[in-house]
Amino acid sequence: MSTTTSKKQLSISDLAALVPDGASLALGGSFLHRGPFALVRELIRQGRKDLEIIKQSPGYDIDLLCRAGAVRRTRAGIVAMEGNFGLAPWYRKAVEQQQIELEEHACATLTAGLRASAFGVPFQPVGGVHGSALVELNGWKALDDPYGQGEPTYVIPAIKPDFAVLHVNEVSPDGDVRVYGTSHWDRIMTRAADKVIVVAERVASEESFRTQPELTLVPHFMTTAYAIVPGGAWPGSCWPEYEVDYPAVTAYLEDAPGVLDAHLDAAPEARETEAAHV
Amino acid sequence: MSTTTSKKQLSISDLAALVPDGASLALGGSFLHRGPFALVRELIRQGRKDLEIIKQSPGYDIDLLCRAGAVRRTRAGIVAMEGNFGLAPWYRKAVEQQQIELEEHACATLTAGLRASAFGVPFQPVGGVHGSALVELNGWKALDDPYGQGEPTYVIPAIKPDFAVLHVNEVSPDGDVRVYGTSHWDRIMTRAADKVIVVAERVASEESFRTQPELTLVPHFMTTAYAIVPGGAWPGSCWPEYEVDYPAVTAYLEDAPGVLDAHLDAAPEARETEAAHV
Amino acid sequence: MSESWSGFSYIVTNLARFVRPQEVTFSGVNSTLPMLACLMAKRAYDFEFTFINVAGGVDPQPSMIPISSSDPVLAERSTAIFANEDFYDLCTRGRMDLCFLGAAQIDGLGRTNVSSIGDWHAPKVRLPGGGGGAVMLPTARRACTWRTEHSTRTLVEKLDFVTAAGGLAGVVTPIAVFIKRDDKLALASWHPEVTLEEVKARTGFDFDATGATPTPLPTQEEIDALRSLDPTGQFERDAKVKLH
Amino acid sequence: MSESWSGFSYIVTNLARFVRPQEVTFSGVNSTLPMLACLMAKRAYDFEFTFINVAGGVDPQPSMIPISSSDPVLAERSTAIFANEDFYDLCTRGRMDLCFLGAAQIDGLGRTNVSSIGDWHAPKVRLPGGGGGAVMLPTARRACTWRTEHSTRTLVEKLDFVTAAGGLAGVVTPIAVFIKRDDKLALASWHPEVTLEEVKARTGFDFDATGATPTPLPTQEEIDALRSLDPTGQFERDAKVKLH
């Protein structure tokens with residue numbers, strides 16, 4: 001397996017280069033927690049356009065992408081900066097000014113669509129939703145129970161992202177993935193997407209994975225490629241490595257010229273690249 | 001939480017006593033591996049009748065229950081003793097002589113039915129099945145994709161066992177559950193069933209669960225009660241504790257008077273009780 | 001009990017009072033006050049219940065109280081990780097006893113809007129969106145929400161958009177506690193420092209107030225629990241709750 | 001290569017030859033010969049592929065070769081546990097490149113019966129049942145099976161029950177290898193010690209034999225790999241495969 005190893009490990013810029021303009025990306029994590037933010041920033045640096053962003057609870061990531069004008073459409077459950085930061089301002093503006101298309105979900109309906117893809121079926125029943133105006137908005141259909149036992153049940157069409165993009169604690173040389181604490185919706189995203197790309201805090205030995213295989217969230221054969229970016233979930237948290245960098249989020253939210261570039265330049269993956277060039 | 005602890009831990013006979021005649025049981029494990037066999041034997045000792053057994057791949061368990069005349073109906077994917085033991089003889093006889101009702105599934109259709117219950121929906125789409133005579137046999141319905149994207153897809157009605165019964169490596173005092181190696185279908189069974197009852201090799205400290213919560217398969221609040229029976233998956237395996245006891249399986253399969261009783265008496269939970277009475 | 005009962009303490013305490021023994025209670029994202037309420041209930045009440053949260057925690061032992069109610073510290077020293085798919089399924093299959101959900105607007109039927117102020121397609125304010133509500137509100141055994149502002153802007157006659165239906169079991173504002181009765185919100189109690197008339201005047205929908213009384217003051221255990229959770233008053237300052 | 005090619009070695013080796021570089025290959029329950037084939041391919045062939053199995057293993061390093069093909073040792077020192085729900089979903093979403101499935105009867109369309117001999121409702125022999133087949137056979141990219149007996153009892157004109165349709169990509173018996181061509185089973189090759197006529201006489205369905213040749217003898221690598229997996233010949237004795 002050692003031969004596969006080097007093939008899968010890429011620089012963050014080469015990893016981002018796998019994603020073309022117009023691609024649909026399911027982003028892992030939730031709000032400010034364990035999001036694949038280094039990859040998101042690298043997509044912006046590379047000028048990616050027309051992306052479709054799929055995530056139950058985006059925040060910083062979708063806001064940043066909207067601020068950079070990289071988004072065509074988002075399919076999301078709940079969008080906010082969270083903590084005490086409230087709404088995501090550039091996302092909000094992009095929707096209010098109709099610069100991006102929004103497919104508004106409940107988190108569980110988005111999960112249902114991902115499950116349909118993961119299970120290889122065209123639609124997935126979901127509990128609840130009755131009485132919500134989201135039904136008409138999205139054209140969701142209710143199906144009668146053909147067995148006559150249950151109430152009419154809404155079904156969500158399959159959602160199949162081109163890429164699932166995760167930030168994780170550890171990756172094996174061959175691409176096995178491990179996270180600590182909650183996996184959020186990362187698991188179902190990796191089963192629904194066409195390809196899985198990963199940013200990890202560090203490489204852990206194959207041996208360590210073989211010792212506790214029960215902890216592996218994504219087996220290596222599902223991982224297309226990965227990059228190692230310590231601190232890559234900045235300014236968010238990556239349990240148990242680091243907490244949210246609240247001052248950095250506050251600085252990001254300032255609405256002034258140069259703030260976006262300064263923020264991108266302050267990111268760990270940018271500083272690392274700079275350091276490498278010295 | 002210490003107060004809950006003693007309430008949930010029962011003797012194997014008190015645990016079995018929770019299951020009434022006619023109950024439907026989803027049994028964990030697969031074939032000879034990590035099945036809740038101590039509990040199954042205790043149900044037989046207590047003379048339980050008319051049980052419905054739900055399991056993708058039963059073998060020794062369903063055979064034993066059929067041999068003891070405890071089964072009314074089984075819903076199963078594949079039934080065999082496995083290894084070199086071939087078919088399950090008493091199960092086979094019970095079906096051939098129409099002493100029990102069989103609902104024959106593909107393993108994945110049974111899983112789909114369990115998923116429907118776990119997800120709180122009346123039916124669950126499943127991939128495949130097209131062209132199988134199981135469709136007509138079970139009256140499974142194909143639904144058109146209301147979104148016009150996919151092919152007609154078979155849906156399986158919800159399967160909701162009264163109990164999920166697992167054999168596991170470790171349980172916390174309060175009922176958190178941990179298994180090593182594959183979880184087979186145990187996870188979805190615990191999410192589909194009305195109640196979860198557990199036989200464990202041993203109690204592990206609450207602290208050990210708090211140290212690696214990612215390894216917990218079933219959180220304590222889902223567990224109704226548990227018993228501790230070291231070796232309780234005998235004559236099957238429980239990774240990494242012990243392998244299959246092949247001579248014991250061979251002895252069980254002998255068709256002679258007294259074999260069933262001798263087998264039940266040789267089981268770890270029977271020897272333990274006997275020892276306790278000395 | 002100090003000289004006055006702050007709106008912040010009123011909301012947290014009355015949310016905590018929805019927690020019942022032996023139940024499974026959930027708090028989610030953007031939900032600092034319910035998070036504090038769940039932690040308060042653990043400290044103030046002499047009964048057991050299971051606290052699960054959006055960080056995957058199951059009865060965790062967090063080393064600090066986080067600003068973000070989805071912070072991973074809320075799964076610290078948890079006995080299990082019960083991640084998002086799992087707790088949503090628990091809810092849709094009818095096993096979530098109590099869940100706390102956010103809302104921007106609430107109507108008299110206990111429905112919520114978290115989607116937009118103004119027309120959805122051309123919003124004045126684009127709100128966070130569907131989140132847990134549309135699925136959890138109709139499927140949880142009881143769902144409760146809160147508002148830090150009690151006004152006809154937040155408690156409305158007509159929602160700008162019906163994000164979630166199904167009927168809230170409880171709503172807590174700085175001055176009132178509503179519960180579900182005959183599939184509508186009814187007043188259960190009001191802040192002892194305001195009047196029933198003020199509650200009515202500041203509420204956009206009609207409600208039944210039969211049997212409603214001033215809310216019982218916080219117990220010493222509730223006061224102590226909240227003080228231990230917010231010793232410096234930072235959460236109270238951040239929440240910016242005003243009675244009037 | 002010894003003086004003769006045993007039926008046991010013929011089956012294992014020809015199943016192994018269905019494994020392709022970079023693919024995901026699965027072996028299941030009641031499947032000792034495919035299990036040996038996957039392990040043989042790992043040892044004999046100079047390419048990488050992912051071996052997953054019903055014990056949850058992903059490229060495991062088992063400390064012994066188990067009698068039961070679902071034995072947990074097949075997940076020993078695995079890099080991940082990929083449990084049953086996961087590998088079934090992998091298959092139904094079209095990402096299982098090759099899976100090995102059992103069969104009692106096989107027809108000329110590559111459909112299988114694992115349910116009953118005789119009428120399903122009053123069976124002469126109740127067989128194991130649906131298992132992986134009904135879902136995996138139609139959804140795997142390629143599904144292969146094997147029989148240790150090549151006869152008109154096992155390779156039939158008409159199945160007693162169609163448990164799984166979708167068309168096998170390959171069938172290996174002690175004397176022949178069939179592949180899928182134009183949605184039917186066609187003969188690819190036959191055991192060098194039998195004749196095409198014998199294969200035809202012992203097969204219940206008609207098949208196309210265009211281009212079929214005697215099967216290439218096992219390579220030294222294949223022979224060595226199988227010997228290392230079954231050094232005492234116990235698996236071969238247990239399998240009781242007869243050429244004639």
# chains A, B, ... in the order shown; residues from 1 in each chain; ligands from 1
>>> closest_atom_pairs(of="chain A", to="chain C", cutoff="9 Å", atoms="only C-alpha atoms", output="Markdown table")
| residue | atom | partner | partner_atom | distance |
| --- | --- | --- | --- | --- |
| A:Ser30 | CA | C:Ser70 | CA | 8.0 |
| A:Phe31 | CA | C:Ser70 | CA | 8.0 |
| A:Leu32 | CA | C:Asp71 | CA | 8.3 |
| A:His33 | CA | C:Asp71 | CA | 7.0 |
| A:Gln56 | CA | C:Gly131 | CA | 7.5 |
| A:Ser57 | CA | C:Gly131 | CA | 7.6 |
| A:Ala76 | CA | C:Gly129 | CA | 8.0 |
| A:Gly77 | CA | C:Gly131 | CA | 4.6 |
| A:Ile78 | CA | C:Gly131 | CA | 4.5 |
| A:Val79 | CA | C:Pro128 | CA | 4.6 |
| A:Ala80 | CA | C:Pro128 | CA | 5.8 |
| A:Met81 | CA | C:Asn30 | CA | 9.0 |
| A:Glu82 | CA | C:Asn30 | CA | 5.6 |
| A:Gly83 | CA | C:Ser68 | CA | 4.0 |
| A:Asn84 | CA | C:Ile67 | CA | 7.1 |
| A:Gly86 | CA | C:Asn30 | CA | 8.2 |
| A:Leu87 | CA | C:Pro128 | CA | 6.7 |
| A:Ala88 | CA | C:Pro128 | CA | 8.3 |
| A:Tyr91 | CA | C:Arg126 | CA | 8.9 |
| A:Arg92 | CA | C:Arg126 | CA | 5.6 |
| A:Lys93 | CA | C:Arg126 | CA | 8.0 |
| A:Val95 | CA | C:Arg126 | CA | 6.8 |
| A:Glu96 | CA | C:Pro123 | CA | 5.6 |
| A:Gln97 | CA | C:Ala122 | CA | 7.8 |
| A:Gln98 | CA | C:Ala122 | CA | 7.6 |
| A:Glu104 | CA | C:Gly129 | CA | 6.6 |
| A:His105 | CA | C:Gly130 | CA | 5.5 |
| A:Ala106 | CA | C:Gly130 | CA | 4.4 |
| A:Cys107 | CA | C:Gly131 | CA | 5.0 |
| A:Ala108 | CA | C:Val135 | CA | 6.7 |
| A:Thr109 | CA | C:Val135 | CA | 7.8 |
| A:Thr111 | CA | C:Glu85 | CA | 7.6 |
| A:Val126 | CA | C:Thr92 | CA | 8.0 |
| A:Gly127 | CA | C:Thr92 | CA | 5.2 |
| A:Gly128 | CA | C:Val135 | CA | 4.4 |
| A:Val129 | CA | C:Val135 | CA | 5.0 |
| A:His130 | CA | C:Ala165 | CA | 6.9 |
| A:Gly131 | CA | C:Ala165 | CA | 5.1 |
| A:Ser132 | CA | C:Ala164 | CA | 4.9 |
| A:Ala133 | CA | C:Val162 | CA | 5.3 |
| A:Leu134 | CA | C:Thr163 | CA | 6.3 |
| A:Gly181 | CA | C:Ala75 | CA | 6.5 |
| A:Thr182 | CA | C:Gly56 | CA | 5.0 |
| A:Ser183 | CA | C:Ala83 | CA | 6.2 |
| A:His184 | CA | C:Asn84 | CA | 5.4 |
| A:Trp185 | CA | C:Asn84 | CA | 6.2 |
| A:Ile188 | CA | C:Glu85 | CA | 8.4 |
| A:Ser237 | CA | C:Pro72 | CA | 8.0 |
| A:Cys238 | CA | C:Pro72 | CA | 8.2 |
| A:Trp239 | CA | C:Pro72 | CA | 6.2 |
| A:Pro240 | CA | C:Pro72 | CA | 8.1 |
| A:Glu243 | CA | C:Asp71 | CA | 8.6 |
| A:Val244 | CA | C:Asp71 | CA | 8.7 |
>>> write_last_selection(atoms="C-alpha atoms", output="short mmCIF file (atom, residue, chain, number, x, y, z; two decimals), in the first residue's frame")
data_model
loop_
_atom_site.label_atom_id
_atom_site.label_comp_id
_atom_site.auth_asym_id
_atom_site.auth_seq_id
_atom_site.Cartn_x
_atom_site.Cartn_y
_atom_site.Cartn_z
CA SER A 30 -20.85 22.46 11.35
CA PHE A 31 -20.74 26.25 11.69
CA LEU A 32 -17.33 27.16 13.13
CA HIS A 33 -16.44 23.57 14.00
CA GLN A 56 -26.74 21.29 6.64
CA SER A 57 -25.20 24.09 8.72
CA ALA A 76 -28.49 24.38 3.22
CA GLY A 77 -30.48 23.81 6.38
CA ILE A 78 -29.41 26.64 8.65
CA VAL A 79 -26.86 29.34 7.93
CA ALA A 80 -25.24 31.51 10.59
CA MET A 81 -21.88 32.48 11.98
CA GLU A 82 -23.15 31.14 15.35
CA GLY A 83 -21.67 31.87 18.75
CA ASN A 84 -22.47 35.54 19.33
CA GLY A 86 -25.37 36.08 14.50
CA LEU A 87 -26.20 35.92 10.81
CA ALA A 88 -23.62 35.37 8.10
CA TYR A 91 -24.26 35.16 2.59
CA ARG A 92 -27.29 37.13 3.74
CA LYS A 93 -26.51 39.90 1.30
CA VAL A 95 -29.40 35.91 -0.96
CA GLU A 96 -31.21 39.18 -0.35
CA GLN A 97 -29.74 40.65 -3.52
CA GLN A 98 -30.44 37.39 -5.35
CA GLU A 104 -33.61 26.00 1.72
CA HIS A 105 -33.81 22.72 3.61
CA ALA A 106 -34.43 21.44 7.07
CA CYS A 107 -31.15 19.81 8.06
CA ALA A 108 -32.82 16.39 8.04
CA THR A 109 -34.24 16.83 4.53
CA THR A 111 -29.56 14.45 5.02
CA VAL A 126 -38.25 11.78 5.77
CA GLY A 127 -40.21 12.22 8.97
CA GLY A 128 -41.94 15.51 9.75
CA VAL A 129 -42.05 18.43 7.27
CA HIS A 130 -45.88 18.41 7.30
CA GLY A 131 -47.23 21.92 7.38
CA SER A 132 -43.96 23.57 6.40
CA ALA A 133 -43.96 26.03 3.53
CA LEU A 134 -40.61 24.51 2.52
CA GLY A 181 -15.79 13.99 18.92
CA THR A 182 -18.85 14.29 16.74
CA SER A 183 -18.65 13.40 13.07
CA HIS A 184 -21.46 15.91 12.35
CA TRP A 185 -22.82 14.85 8.93
CA ILE A 188 -23.25 10.49 5.09
CA SER A 237 -12.27 24.71 16.12
CA CYS A 238 -10.90 21.22 15.63
CA TRP A 239 -11.53 19.12 18.71
CA PRO A 240 -9.42 18.36 20.70
CA GLU A 243 -10.76 26.11 19.96
CA VAL A 244 -12.46 28.80 17.85
#
>>> interface_residues(of="chain A", to="chain B", cutoff="10 Å", atoms="only C-alpha atoms", output="NGL selection string")
:A and (112 or 116 or 119-128 or 139-158 or 179-183 or 212-216)
>>> atom_distance(atom1="CA of Val171 (chain B)", atom2="CA of Pro20 (chain B)")
24.0 Å
>>> atom_distance(atom1="CA of Val165 (chain B)", atom2="CA of Gly231 (chain B)")
15.9 Å
>>> atom_distance(atom1="CA of Thr190 (chain A)", atom2="CA of Ala233 (chain A)")
18.2 Å
>>> closest_residue(among="B:Glu52, B:Asp255, B:Glu206, B:Glu201", to="Pro268 (chain B)", atoms="only C-alpha atoms")
B:Glu201
>>> select_by_dssp(residues="region 3-191 of chain B", states="strand (DSSP E or B)", output="VMD selection string")
chain B and resid 9 24 to 27 30 33 51 to 55 71 to 76 101 to 104 106 123 to 126 141 to 143 153 to 157 163 to 171 177 to 178
>>> residues_around(residues="Ile228 (chain A)", least_positions_apart="6", cutoff="12 Å", atoms="only C-alpha atoms", output="number ranges by chain")
A: 8-15, 36, 38-39, 166-173, 175, 197-204, 268-269, 272
>>> residues_around(residues="Val196 (chain A)", least_positions_apart="2", cutoff="9 Å", atoms="only C-alpha atoms", output="PyMOL selection string")
chain A and resi 162-166+189-191+193-194+198+222-226
>>> select_by_dssp(residues="region 36-203 of chain C", states="helix (DSSP H, G or I)", output="ChimeraX atom specification")
/C:36-44,72-75,84-92,133-139,196-201
>>> write_last_selection(atoms="N, CA, C and O atoms", output="tab-separated table (two decimals), in the first residue's frame")
chain	number	residue	atom	x	y	z
C	36	LEU	N	-27.73	26.54	28.30
C	36	LEU	CA	-27.60	26.89	29.72
C	36	LEU	C	-28.74	26.28	30.53
C	36	LEU	O	-28.54	25.82	31.66
C	37	ALA	N	-29.94	26.24	29.95
C	37	ALA	CA	-31.09	25.67	30.65
C	37	ALA	C	-30.87	24.18	30.94
C	37	ALA	O	-31.17	23.70	32.04
C	38	CYS	N	-30.34	23.45	29.95
C	38	CYS	CA	-30.10	22.02	30.15
C	38	CYS	C	-29.04	21.80	31.23
C	38	CYS	O	-29.18	20.93	32.09
C	39	LEU	N	-27.99	22.61	31.17
C	39	LEU	CA	-26.93	22.48	32.17
C	39	LEU	C	-27.46	22.90	33.55
C	39	LEU	O	-27.10	22.30	34.58
C	40	MET	N	-28.32	23.92	33.57
C	40	MET	CA	-28.94	24.32	34.84
C	40	MET	C	-29.78	23.19	35.42
C	40	MET	O	-29.72	22.89	36.62
C	41	ALA	N	-30.57	22.55	34.58
C	41	ALA	CA	-31.43	21.46	35.06
C	41	ALA	C	-30.60	20.34	35.67
C	41	ALA	O	-30.98	19.74	36.68
C	42	LYS	N	-29.45	20.06	35.06
C	42	LYS	CA	-28.56	19.03	35.60
C	42	LYS	C	-28.09	19.41	37.01
C	42	LYS	O	-27.94	18.56	37.88
C	43	ARG	N	-27.85	20.71	37.21
C	43	ARG	CA	-27.28	21.15	38.50
C	43	ARG	C	-28.35	21.45	39.54
C	43	ARG	O	-28.11	21.29	40.73
C	44	ALA	N	-29.52	21.92	39.07
C	44	ALA	CA	-30.50	22.44	40.03
C	44	ALA	C	-31.55	21.42	40.45
C	44	ALA	O	-32.13	21.55	41.53
C	72	PRO	N	-17.60	21.77	20.36
C	72	PRO	CA	-17.27	20.36	20.67
C	72	PRO	C	-17.01	20.09	22.15
C	72	PRO	O	-17.08	18.93	22.57
C	73	VAL	N	-16.78	21.13	22.93
C	73	VAL	CA	-16.60	20.90	24.36
C	73	VAL	C	-17.87	20.30	24.97
C	73	VAL	O	-17.83	19.66	26.02
C	74	LEU	N	-18.99	20.48	24.29
C	74	LEU	CA	-20.25	19.91	24.78
C	74	LEU	C	-20.33	18.39	24.58
C	74	LEU	O	-21.29	17.75	25.01
C	75	ALA	N	-19.32	17.83	23.93
C	75	ALA	CA	-19.21	16.37	23.88
C	75	ALA	C	-18.01	15.89	24.71
C	75	ALA	O	-17.67	14.71	24.67
C	84	ASN	N	-25.28	13.79	14.40
C	84	ASN	CA	-26.48	14.41	13.86
C	84	ASN	C	-27.49	13.46	13.27
C	84	ASN	O	-28.69	13.57	13.55
C	85	GLU	N	-27.04	12.53	12.44
C	85	GLU	CA	-28.02	11.58	11.88
C	85	GLU	C	-28.76	10.87	13.00
C	85	GLU	O	-29.96	10.63	12.92
C	86	ASP	N	-28.02	10.50	14.02
C	86	ASP	CA	-28.60	9.71	15.11
C	86	ASP	C	-29.66	10.49	15.88
C	86	ASP	O	-30.74	9.97	16.17
C	87	PHE	N	-29.37	11.75	16.24
C	87	PHE	CA	-30.39	12.45	17.05
C	87	PHE	C	-31.59	12.90	16.21
C	87	PHE	O	-32.70	12.98	16.73
C	88	TYR	N	-31.38	13.14	14.94
C	88	TYR	CA	-32.55	13.43	14.10
C	88	TYR	C	-33.43	12.20	13.96
C	88	TYR	O	-34.66	12.29	14.02
C	89	ASP	N	-32.82	11.04	13.77
C	89	ASP	CA	-33.62	9.82	13.67
C	89	ASP	C	-34.35	9.54	14.98
C	89	ASP	O	-35.51	9.12	14.97
C	90	LEU	N	-33.68	9.77	16.07
C	90	LEU	CA	-34.33	9.60	17.38
C	90	LEU	C	-35.60	10.43	17.44
C	90	LEU	O	-36.65	9.97	17.93
C	91	CYS	N	-35.52	11.63	16.92
C	91	CYS	CA	-36.67	12.55	16.94
C	91	CYS	C	-37.76	12.07	15.99
C	91	CYS	O	-38.92	11.96	16.37
C	92	THR	N	-37.39	11.75	14.76
C	92	THR	CA	-38.44	11.40	13.79
C	92	THR	C	-39.11	10.08	14.15
C	92	THR	O	-40.24	9.84	13.75
C	133	GLY	N	-36.06	22.77	12.71
C	133	GLY	CA	-37.47	22.95	12.97
C	133	GLY	C	-38.45	22.16	12.14
C	133	GLY	O	-39.31	21.47	12.69
C	134	ALA	N	-38.36	22.26	10.82
C	134	ALA	CA	-39.42	21.70	9.97
C	134	ALA	C	-39.59	20.21	10.21
C	134	ALA	O	-40.68	19.67	10.04
C	135	VAL	N	-38.53	19.53	10.60
C	135	VAL	CA	-38.62	18.10	10.87
C	135	VAL	C	-38.80	17.81	12.36
C	135	VAL	O	-39.60	16.95	12.73
C	136	MET	N	-38.11	18.54	13.21
C	136	MET	CA	-38.17	18.22	14.64
C	136	MET	C	-39.44	18.73	15.32
C	136	MET	O	-39.98	18.07	16.21
C	137	LEU	N	-39.90	19.90	14.93
C	137	LEU	CA	-41.07	20.44	15.62
C	137	LEU	C	-42.27	19.50	15.50
C	137	LEU	O	-42.91	19.20	16.51
C	138	PRO	N	-42.56	18.97	14.29
C	138	PRO	CA	-43.72	18.07	14.23
C	138	PRO	C	-43.46	16.67	14.78
C	138	PRO	O	-44.41	15.92	14.97
C	139	THR	N	-42.20	16.28	15.01
C	139	THR	CA	-41.95	14.89	15.39
C	139	THR	C	-41.46	14.72	16.82
C	139	THR	O	-41.57	13.62	17.38
C	196	LEU	N	-50.44	41.07	33.23
C	196	LEU	CA	-51.08	40.32	32.17
C	196	LEU	C	-51.44	41.23	31.00
C	196	LEU	O	-51.29	40.86	29.82
C	197	GLU	N	-51.84	42.44	31.32
C	197	GLU	CA	-52.23	43.39	30.27
C	197	GLU	C	-51.01	43.72	29.38
C	197	GLU	O	-51.12	43.81	28.16
C	198	GLU	N	-49.86	43.87	30.02
C	198	GLU	CA	-48.65	44.17	29.23
C	198	GLU	C	-48.31	42.99	28.31
C	198	GLU	O	-47.94	43.18	27.15
C	199	VAL	N	-48.43	41.79	28.83
C	199	VAL	CA	-48.16	40.62	28.00
C	199	VAL	C	-49.09	40.61	26.79
C	199	VAL	O	-48.66	40.41	25.65
C	200	LYS	N	-50.37	40.88	27.04
C	200	LYS	CA	-51.33	40.89	25.93
C	200	LYS	C	-50.99	41.97	24.90
C	200	LYS	O	-51.03	41.73	23.69
C	201	ALA	N	-50.64	43.13	25.41
C	201	ALA	CA	-50.36	44.26	24.51
C	201	ALA	C	-49.13	44.01	23.65
C	201	ALA	O	-49.04	44.47	22.51
>>> closest_residue(among="D:Arg141, D:Lys242, D:His191, D:Lys180", to="Asp208 (chain D)", atoms="only C-alpha atoms")
D:Lys180
>>> residues_around(residues="Gly108 (chain D)", least_positions_apart="3", cutoff="8 Å", atoms="only C-alpha atoms", output="list of chain:residue names")
D:Arg111, D:Leu155, D:Val156, D:Glu157, D:Lys184, D:Leu185, D:Phe205, D:Asp206, D:Phe207
>>> decode(residues="region 95-106 of chain A", atoms="N, CA, C and O atoms", output="PDB file, in the first residue's frame")
ATOM      1  N   VAL A  95     -28.037  36.423  -0.768  1.00  0.00           N
ATOM      2  CA  VAL A  95     -29.396  35.906  -0.963  1.00  0.00           C
ATOM      3  C   VAL A  95     -30.373  37.054  -1.143  1.00  0.00           C
ATOM      4  O   VAL A  95     -31.200  37.040  -2.055  1.00  0.00           O
ATOM      5  N   GLU A  96     -30.253  38.071  -0.275  1.00  0.00           N
ATOM      6  CA  GLU A  96     -31.210  39.184  -0.346  1.00  0.00           C
ATOM      7  C   GLU A  96     -31.111  39.903  -1.686  1.00  0.00           C
ATOM      8  O   GLU A  96     -32.114  40.363  -2.219  1.00  0.00           O
ATOM      9  N   GLN A  97     -29.915  39.976  -2.220  1.00  0.00           N
ATOM     10  CA  GLN A  97     -29.738  40.651  -3.516  1.00  0.00           C
ATOM     11  C   GLN A  97     -29.828  39.658  -4.680  1.00  0.00           C
ATOM     12  O   GLN A  97     -29.534  40.001  -5.819  1.00  0.00           O
ATOM     13  N   GLN A  98     -30.215  38.438  -4.341  1.00  0.00           N
ATOM     14  CA  GLN A  98     -30.443  37.395  -5.353  1.00  0.00           C
ATOM     15  C   GLN A  98     -29.232  37.176  -6.266  1.00  0.00           C
ATOM     16  O   GLN A  98     -29.359  36.931  -7.467  1.00  0.00           O
ATOM     17  N   GLN A  99     -28.072  37.237  -5.628  1.00  0.00           N
ATOM     18  CA  GLN A  99     -26.838  36.930  -6.373  1.00  0.00           C
ATOM     19  C   GLN A  99     -26.565  35.435  -6.382  1.00  0.00           C
ATOM     20  O   GLN A  99     -25.802  34.938  -7.213  1.00  0.00           O
ATOM     21  N   ILE A 100     -27.129  34.732  -5.424  1.00  0.00           N
ATOM     22  CA  ILE A 100     -26.997  33.274  -5.418  1.00  0.00           C
ATOM     23  C   ILE A 100     -28.374  32.652  -5.290  1.00  0.00           C
ATOM     24  O   ILE A 100     -29.318  33.287  -4.824  1.00  0.00           O
ATOM     25  N   GLU A 101     -28.448  31.413  -5.731  1.00  0.00           N
ATOM     26  CA  GLU A 101     -29.685  30.656  -5.620  1.00  0.00           C
ATOM     27  C   GLU A 101     -29.643  29.866  -4.321  1.00  0.00           C
ATOM     28  O   GLU A 101     -28.639  29.236  -4.013  1.00  0.00           O
ATOM     29  N   LEU A 102     -30.732  29.928  -3.556  1.00  0.00           N
ATOM     30  CA  LEU A 102     -30.812  29.182  -2.297  1.00  0.00           C
ATOM     31  C   LEU A 102     -31.859  28.084  -2.406  1.00  0.00           C
ATOM     32  O   LEU A 102     -33.001  28.342  -2.804  1.00  0.00           O
ATOM     33  N   GLU A 103     -31.478  26.850  -2.073  1.00  0.00           N
ATOM     34  CA  GLU A 103     -32.453  25.771  -1.870  1.00  0.00           C
ATOM     35  C   GLU A 103     -32.508  25.537  -0.370  1.00  0.00           C
ATOM     36  O   GLU A 103     -31.602  24.930   0.206  1.00  0.00           O
ATOM     37  N   GLU A 104     -33.539  26.067   0.259  1.00  0.00           N
ATOM     38  CA  GLU A 104     -33.611  25.997   1.720  1.00  0.00           C
ATOM     39  C   GLU A 104     -34.170  24.656   2.181  1.00  0.00           C
ATOM     40  O   GLU A 104     -35.245  24.236   1.763  1.00  0.00           O
ATOM     41  N   HIS A 105     -33.432  24.012   3.056  1.00  0.00           N
ATOM     42  CA  HIS A 105     -33.812  22.716   3.611  1.00  0.00           C
ATOM     43  C   HIS A 105     -34.015  22.804   5.109  1.00  0.00           C
ATOM     44  O   HIS A 105     -33.540  23.740   5.756  1.00  0.00           O
ATOM     45  N   ALA A 106     -34.685  21.802   5.680  1.00  0.00           N
ATOM     46  CA  ALA A 106     -34.429  21.441   7.067  1.00  0.00           C
ATOM     47  C   ALA A 106     -33.159  20.585   7.022  1.00  0.00           C
ATOM     48  O   ALA A 106     -32.893  19.925   6.016  1.00  0.00           O
TER      49      ALA A 106
END
